Each structure stands twice: as C-alpha cells, then as structure tokens.
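A.B. asks: A single structure is presented below for examination.
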Amino acid sequence: MKPAGLIAEDISWAPRKNLPKLLHPVSFEVKPGQVLGVVGPNGAGKSTLLRMIYRYQAPTSGRVLVGGEDIWAGPPRAAARKVAAVLQEQPGAFGLSVREVVTLGRTPHRLGYSTPGAADAEIVNNALDRMELRHIEFRDLGNLSGGERQRVMVARALAQQPQLLVMDEPTNHLDIRHQLEILSLIQSLGLTIVVSLHDLNMAAEICDAVLMLQDGHCRGFGAPEDVLSEAQVSQTFRVNAWREVLSRSNTEHLSFHLPD
Ligand SMILES: Nc1ncnc2c1ncn2[C@@H]1O[C@H](COP(=O)(O)OP(=O)(O)OP(=O)(O)O)[C@@H](O)[C@H]1O
C-alpha cells in the first residue's frame, strides 16, 4: 500500500446551492504517510468534510486531490481503488460472514463481476490476521459486538489496499485495549490517514497535523501542539482547557473543566 498525498483546495459544502454552507471553504495538505486529525465540537462539520474526501458527498466548491488527481473527476470505482473509509454508521450487511464483508474490500480492484481469486484471498487473510479476526471469520456480521464489527470494517478497508484511509471516529464502540490497538495501527500503517477524533489527547498523540473545525469554519490547521493550545481548545469547545504534565509518564495532557 503506497501512500498518496492529499490536497484539499477550498472545499466547501451546502446541502443545496441556494442554502447556507455547512462547511465553509477550507484548504489543507497532508503529505504521503502523514496522519491528519480532524477535531471540533458536535456539529462542527467533521463528517461533512470527510464525506467529500472519501467521495461520498461532492464538494459545492473546490477540489480534492489524492496523489495529484481530483477524485471527483473520475468514476467512483477509480476513487475506491485509492481511498477507503471506516465510518461510524455501520452497514447492515447482516447475513454476510466476517470474511465475506472483508472480501468486499477487494471489489474495486476486480474486473466487472469476476470472482475473487487467490491473490484476493491472500490479501483478505492478511487483513483478518492484522485485526485478529481469523477466529471469527465465518461468524455472521450481525452477531458481533459493536467493537468486533468496527474491527471488521477496518479489516475491509485494509483489504481495499488504499493510498488514503479516512476514519470517522474509529475508536467508537471500542474498549480501552482496542482503542489503543487502533491508534497504534493508525501509526504503524504508513498510510496517509485522515481521522476524526473526539479525544483531543489521542489526536495530540497520534497525529502529524490537526485541523480544528467549529460551526463549519476552520479554526486552525497545523502541528498538534499549536492547534491544541489551551486558548484554542478553551475557545472552540467552550471549556477551560489545562495543559498539564503527567508526573508518571512525563507527557503533556489536556484536562477539561466547565467554566464557572
Ligand atoms: N444533508 C444534510 N442536510 C442538512 N444538514 C446537514 C446535512 N448533513 C449534515 N448536516 C448538518 O451539518 C452540521 C455538521 O454536521 P457533521 O455531521 O458534519 O458534524 P460533526 O462535526 O461530524 O458532528 P459530530 O461530532 O456530532 O459527529 C450539523 O449541524 C448537521 O446537522
């Protein structure tokens, strides 16, 4: 999986042309192999931004370039060979086994209606192993826990062998151990990743850059330590944010308090 760079050029989105924009024009660049964290309060526009990047909702203005090519200029299948997404809403693919769902990740790479071959099976095996799903590969997706299903969705995205991976709140539903595993996976993949996160300490730890949104506006883009400053976080999230050093790990940590 060779990572591609992402360039967003003045992308904005409104439900219809004559309606106000829910996301105002924003530009940013993510270098190949870097992790961009998208943060912001509820309703800030994070999912709206991600949908334009994984070619689900067309930008009202601007362009999304992956590896230098506008993903909205070509067919969806070509975009699906480059960009995979792990979403909050999990599909109702009930009746399909874990293995069948992960194999769906191979679809954009196959010709027409051809059936998956040995090379596809090998890639699926690797994705299942990576997400520790081999022991449940023949279980029905519908019988899995939320966390297990989330890991299946990550495995499907890995089987897609994308150059860019978009993840909308990937730690949702996961227990602490699996949250840490997903974060470590994000760091180890070597892929270009755009990930929305509510946990600002996680964002600070795993992201090379952070984009902060509020009410559809970009409030900051850059290094995590700059964007996630006490002042910026306090203002954007309407809390008092304190940056403290944890004595045991000697690492910086944000804590949050309601203003008086
Ligand atoms: N298709 C749509 N039509 C009208 N409004 C929409 C549509 N999609 C999203 N919105 C609105 O746009 C705003 C941004 O939504 P979005 O889901 O992008 O926020 P978010 O930052 O991902 O929020 P959360 O943290 O709660 O998941 C919200 O106010 C939402 O209600």
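Following the order of the structure tokens, first chain is A, next is B, and so on, with residues numbered from 1 inside each chain and ligands from 1 in the order they appear.
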Which residues sit within 6 Å of ligand 1, counting only C-alpha atoms and all ligand atoms, listed as a list of chain:residue names?
C.D. replies: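 Listed by chain and ascending number, the contacts are A:Pro15, A:Leu22, A:Pro41, A:Asn42, A:Gly43, A:Ala44, A:Gly45, A:Lys46, A:Ser47, A:Thr48.
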A.B. asks: For N, CA and C atoms, I'd like the residues from the last selection saved as an mmCIF file, in the first residue's frame.
C.D. replies:
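Output below, filename out19.cif:
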```
data_model
loop_
_atom_site.group_PDB
_atom_site.id
_atom_site.type_symbol
_atom_site.label_atom_id
_atom_site.label_comp_id
_atom_site.auth_asym_id
_atom_site.auth_seq_id
_atom_site.Cartn_x
_atom_site.Cartn_y
_atom_site.Cartn_z
ATOM 1 N N PRO A 15 -26.064 21.766 1.549
ATOM 2 C CA PRO A 15 -26.996 20.718 1.099
ATOM 3 C C PRO A 15 -27.557 21.006 -0.299
ATOM 4 N N LEU A 22 -22.691 24.584 5.144
ATOM 5 C CA LEU A 22 -22.466 23.929 6.443
ATOM 6 C C LEU A 22 -20.969 23.762 6.681
ATOM 7 N N PRO A 41 -16.182 20.485 17.996
ATOM 8 C CA PRO A 41 -17.381 20.121 18.761
ATOM 9 C C PRO A 41 -18.414 19.404 17.894
ATOM 10 N N ASN A 42 -19.446 18.860 18.513
ATOM 11 C CA ASN A 42 -20.555 18.229 17.781
ATOM 12 C C ASN A 42 -21.107 19.214 16.756
ATOM 13 N N GLY A 43 -21.374 18.714 15.564
ATOM 14 C CA GLY A 43 -21.978 19.550 14.527
ATOM 15 C C GLY A 43 -21.019 20.520 13.869
ATOM 16 N N ALA A 44 -19.713 20.377 14.121
ATOM 17 C CA ALA A 44 -18.732 21.324 13.574
ATOM 18 C C ALA A 44 -18.531 21.158 12.074
ATOM 19 N N GLY A 45 -18.824 19.948 11.572
ATOM 20 C CA GLY A 45 -18.627 19.717 10.135
ATOM 21 C C GLY A 45 -17.572 18.658 9.827
ATOM 22 N N LYS A 46 -17.175 17.895 10.835
ATOM 23 C CA LYS A 46 -16.105 16.902 10.638
ATOM 24 C C LYS A 46 -16.534 15.812 9.635
ATOM 25 N N SER A 47 -17.709 15.212 9.888
ATOM 26 C CA SER A 47 -18.158 14.143 8.975
ATOM 27 C C SER A 47 -18.428 14.706 7.582
ATOM 28 N N THR A 48 -18.942 15.919 7.525
ATOM 29 C CA THR A 48 -19.209 16.569 6.235
ATOM 30 C C THR A 48 -17.912 16.698 5.436
#
```
A.B. asks: What's around Val227 in chain A at 10 Å? Count only C-alpha atoms, leave out sequence neighbours fewer than 2 positions away in its own chain, and write the answer as a PDB file with C-alpha atoms, in the first residue's frame.
C.D. replies:
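To be explicit, this is the file written out as out_34.pdb:
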```
ATOM      1  CA  VAL A  39     -11.353  17.733  15.652  1.00  0.00           C
ATOM      2  CA  ALA A 204      -2.199  15.063  20.005  1.00  0.00           C
ATOM      3  CA  ALA A 209      -1.206  17.650  11.937  1.00  0.00           C
ATOM      4  CA  VAL A 210      -4.587  18.688  13.305  1.00  0.00           C
ATOM      5  CA  LEU A 211      -7.446  20.563  11.633  1.00  0.00           C
ATOM      6  CA  MET A 212      -9.873  22.185  14.041  1.00  0.00           C
ATOM      7  CA  ARG A 219     -10.259  27.438  13.381  1.00  0.00           C
ATOM      8  CA  GLY A 220      -6.747  26.095  12.967  1.00  0.00           C
ATOM      9  CA  PHE A 221      -4.545  23.780  10.953  1.00  0.00           C
ATOM     10  CA  GLY A 222      -1.009  22.782  11.813  1.00  0.00           C
ATOM     11  CA  ALA A 223       1.122  20.963  14.354  1.00  0.00           C
ATOM     12  CA  PRO A 224      -0.938  19.411  17.197  1.00  0.00           C
ATOM     13  CA  GLU A 225       0.863  21.438  19.876  1.00  0.00           C
ATOM     14  CA  SER A 229      -3.273  25.038  22.684  1.00  0.00           C
ATOM     15  CA  GLU A 230      -5.112  25.789  25.928  1.00  0.00           C
ATOM     16  CA  ALA A 231      -6.530  29.011  24.482  1.00  0.00           C
ATOM     17  CA  GLN A 232      -7.670  27.493  21.193  1.00  0.00           C
ATOM     18  CA  VAL A 233      -9.293  24.431  22.781  1.00  0.00           C
TER      19      VAL A 233
END
```
A.B. asks: If you run DSSP on the backbone, which residues of range 95-208 of chain A are strand (DSSP E), as a ChimeraX atom specification?
C.D. replies: /A:164-168,192-196
A.B. asks: Let me make sure I understand: among A:Met52, A:Met167, A:Leu128, A:Cys207, which one has the smallest atom-to-atom distance to Val195 in chain A if we use only C-alpha atoms?
C.D. replies: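 Checking each candidate against Val195 in chain A, we get A:Met167 as the closest.
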A.B. asks: How close does range 170-207 of chain A get to range 161-165 of chain A? List, as a tab-separated table, each residue of range 170-207 of chain A within 7 Å, its nearest atom pair and the distance in Å to one decimal, counting only C-alpha atoms.
C.D. replies:
```
residue	atom	partner	partner_atom	distance
A:Leu191	CA	A:Leu164	CA	6.2
A:Thr192	CA	A:Leu164	CA	4.9
A:Ile193	CA	A:Leu165	CA	4.8
A:Val194	CA	A:Leu165	CA	6.4
```
A.B. asks: What does the file look like for those residues with N, CA and C atoms, as an mmCIF file, in the first residue's frame?
C.D. replies:
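Written file, part-v2.cif:
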```cif
data_model
loop_
_atom_site.group_PDB
_atom_site.id
_atom_site.type_symbol
_atom_site.label_atom_id
_atom_site.label_comp_id
_atom_site.auth_asym_id
_atom_site.auth_seq_id
_atom_site.Cartn_x
_atom_site.Cartn_y
_atom_site.Cartn_z
ATOM 1 N N LEU A 191 0.242 4.609 6.028
ATOM 2 C CA LEU A 191 -0.689 5.163 5.039
ATOM 3 C C LEU A 191 -0.942 6.639 5.333
ATOM 4 N N THR A 192 -1.424 7.343 4.355
ATOM 5 C CA THR A 192 -1.929 8.688 4.619
ATOM 6 C C THR A 192 -3.317 8.491 5.242
ATOM 7 N N ILE A 193 -3.543 9.138 6.363
ATOM 8 C CA ILE A 193 -4.798 8.906 7.085
ATOM 9 C C ILE A 193 -5.427 10.240 7.484
ATOM 10 N N VAL A 194 -6.734 10.338 7.261
ATOM 11 C CA VAL A 194 -7.497 11.470 7.787
ATOM 12 C C VAL A 194 -8.480 10.878 8.782
#
```
A.B. asks: Neighbours of Glu169 in chain A within 7 Å (only C-alpha atoms; same-chain residues fewer than 6 positions away dropped), as a ChimeraX atom specification?
C.D. replies: /A:88,195-197
A.B. asks: How about saving the chosen residues, N, CA and C atoms kept, as a PDB file, in the first residue's frame?
C.D. replies:
```pdb
ATOM      1  N   GLN A  88     -18.663   5.702  11.057  1.00  0.00           N
ATOM      2  CA  GLN A  88     -19.386   5.488  12.315  1.00  0.00           C
ATOM      3  C   GLN A  88     -20.614   4.632  12.104  1.00  0.00           C
ATOM      4  N   VAL A 195      -8.381  11.285  10.034  1.00  0.00           N
ATOM      5  CA  VAL A 195      -9.180  10.649  11.076  1.00  0.00           C
ATOM      6  C   VAL A 195      -9.865  11.705  11.944  1.00  0.00           C
ATOM      7  N   SER A 196     -11.174  11.555  12.132  1.00  0.00           N
ATOM      8  CA  SER A 196     -11.839  12.465  13.062  1.00  0.00           C
ATOM      9  C   SER A 196     -11.824  11.828  14.444  1.00  0.00           C
ATOM     10  N   LEU A 197     -11.543  12.639  15.431  1.00  0.00           N
ATOM     11  CA  LEU A 197     -11.414  12.138  16.803  1.00  0.00           C
ATOM     12  C   LEU A 197     -12.046  13.127  17.765  1.00  0.00           C
TER      13      LEU A 197
END
```
A.B. asks: In Å, how far is it from CA of Asp208 in chain A to CA of Ile53 in chain A?
C.D. replies: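 It comes out at 18.2 Å.
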A.B. asks: Which residue, A:Arg149, A:His173, A:Arg238, A:Arg248, has the smallest gap to Asp260 in chain A when you use only C-alpha atoms?
C.D. replies: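 The shortest atom-to-atom distance to Asp260 in chain A comes from A:Arg238.
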A.B. asks: Write out as a list in words which residues come within 10 Å of Ser234 in chain A when counting only C-alpha atoms, dropping same-chain ones fewer than 5 positions away.
C.D. replies: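 Counting only C-alpha atoms, the residues come to Leu228, Ser229, Val239, Asn240, Ala241, Trp242, Phe256, His257, Leu258 and Pro259 of chain A.
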A.B. asks: Determine, counting only C-alpha atoms, which protein, DNA and RNA residues have an atom within 10 Å of an atom of Val152 in chain A; residues of the same chain fewer than 2 positions away are not included. Present the result as JSON, numbers by chain.
C.D. replies: {"A": [86, 98, 99, 101, 102, 127, 128, 131, 132, 133, 137, 141, 144, 146, 147, 148, 149, 150, 154, 155, 156, 157, 158]}
A.B. asks: So, counting only C-alpha atoms, which residue among A:Ser255, A:Ser12, A:Gln57, A:Gln214 is closest to Ile71 in chain A?
C.D. replies: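 Checking each candidate against Ile71 in chain A, we get A:Gln57 as the closest.
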A.B. asks: Sorted by chain and rising residue number, list the residues of range 33-122 of chain A at most 12 Å from range 180-187 of chain A (counting only C-alpha atoms), each with its closest atom pair and distance in Å to one decimal, as JSON lines.
C.D. replies:
```
{"residue": "A:Gly33", "atom": "CA", "partner": "A:Gln187", "partner_atom": "CA", "distance": 9.4}
{"residue": "A:Gln34", "atom": "CA", "partner": "A:Gln187", "partner_atom": "CA", "distance": 8.9}
{"residue": "A:Val35", "atom": "CA", "partner": "A:Gln187", "partner_atom": "CA", "distance": 7.8}
{"residue": "A:Leu36", "atom": "CA", "partner": "A:Ile186", "partner_atom": "CA", "distance": 10.7}
{"residue": "A:Gly37", "atom": "CA", "partner": "A:Ile186", "partner_atom": "CA", "distance": 11.2}
{"residue": "A:Val86", "atom": "CA", "partner": "A:Ile182", "partner_atom": "CA", "distance": 11.7}
```
A.B. asks: When you draw a straight line from CA of Pro59 in chain A to CA of Pro25 in chain A, how long is it in Å?
C.D. replies: 9.6 Å
A.B. asks: Expressed in Å to a single decimal, how great is the separation between CA of Gln160 in chain A and CA of Lys31 in chain A?
C.D. replies: 20.5 Å
A.B. asks: Do a neighbour search on His109 in chain A at 9 Å with only C-alpha atoms, toss out local chain neighbours closer than 6 positions, and write the hits as a short mmCIF file (atom, residue, chain, number, x, y, z; two decimals) with N, CA and C atoms, in the first residue's frame.
C.D. replies:
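Final output, saved to out29.cif:
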```cif
data_model
loop_
_atom_site.label_atom_id
_atom_site.label_comp_id
_atom_site.auth_asym_id
_atom_site.auth_seq_id
_atom_site.Cartn_x
_atom_site.Cartn_y
_atom_site.Cartn_z
N ARG A 77 -15.46 4.09 -8.88
CA ARG A 77 -14.66 2.87 -8.70
C ARG A 77 -13.15 3.19 -8.70
N ALA A 78 -12.75 4.17 -9.51
CA ALA A 78 -11.33 4.57 -9.55
C ALA A 78 -10.96 5.19 -8.21
N ALA A 80 -12.37 4.48 -5.39
CA ALA A 80 -12.38 3.42 -4.38
C ALA A 80 -11.10 2.58 -4.41
N ARG A 81 -10.34 2.67 -5.50
CA ARG A 81 -9.04 1.98 -5.51
C ARG A 81 -7.99 2.79 -4.76
N GLN A 160 -8.87 -3.27 0.99
CA GLN A 160 -9.05 -2.39 -0.17
C GLN A 160 -7.71 -1.84 -0.66
#
```
A.B. asks: Using only C-alpha atoms, determine which residues lie at most 8 Å from Asp10 in chain A, disregarding the query and same-chain residues fewer than 3 positions distant; provide the list as an MDAnalysis selection string.
C.D. replies: chainID A and resid 25:27 61:63
A.B. asks: Let me make sure I understand: among A:Leu189, A:Met202, A:Ala79, A:Ile11, which one has the smallest atom-to-atom distance to Ile176 in chain A if we use only C-alpha atoms?
C.D. replies: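 For Ile176 in chain A, the nearest of the candidates is A:Met202.
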A.B. asks: Counting only C-alpha atoms, which residue out of A:Ile206, A:Ala159, A:Val30, A:Ala58 sits closest to Glu100 in chain A?
C.D. replies: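 When distances to Glu100 in chain A are compared using only C-alpha atoms, the smallest one comes from A:Ala159.
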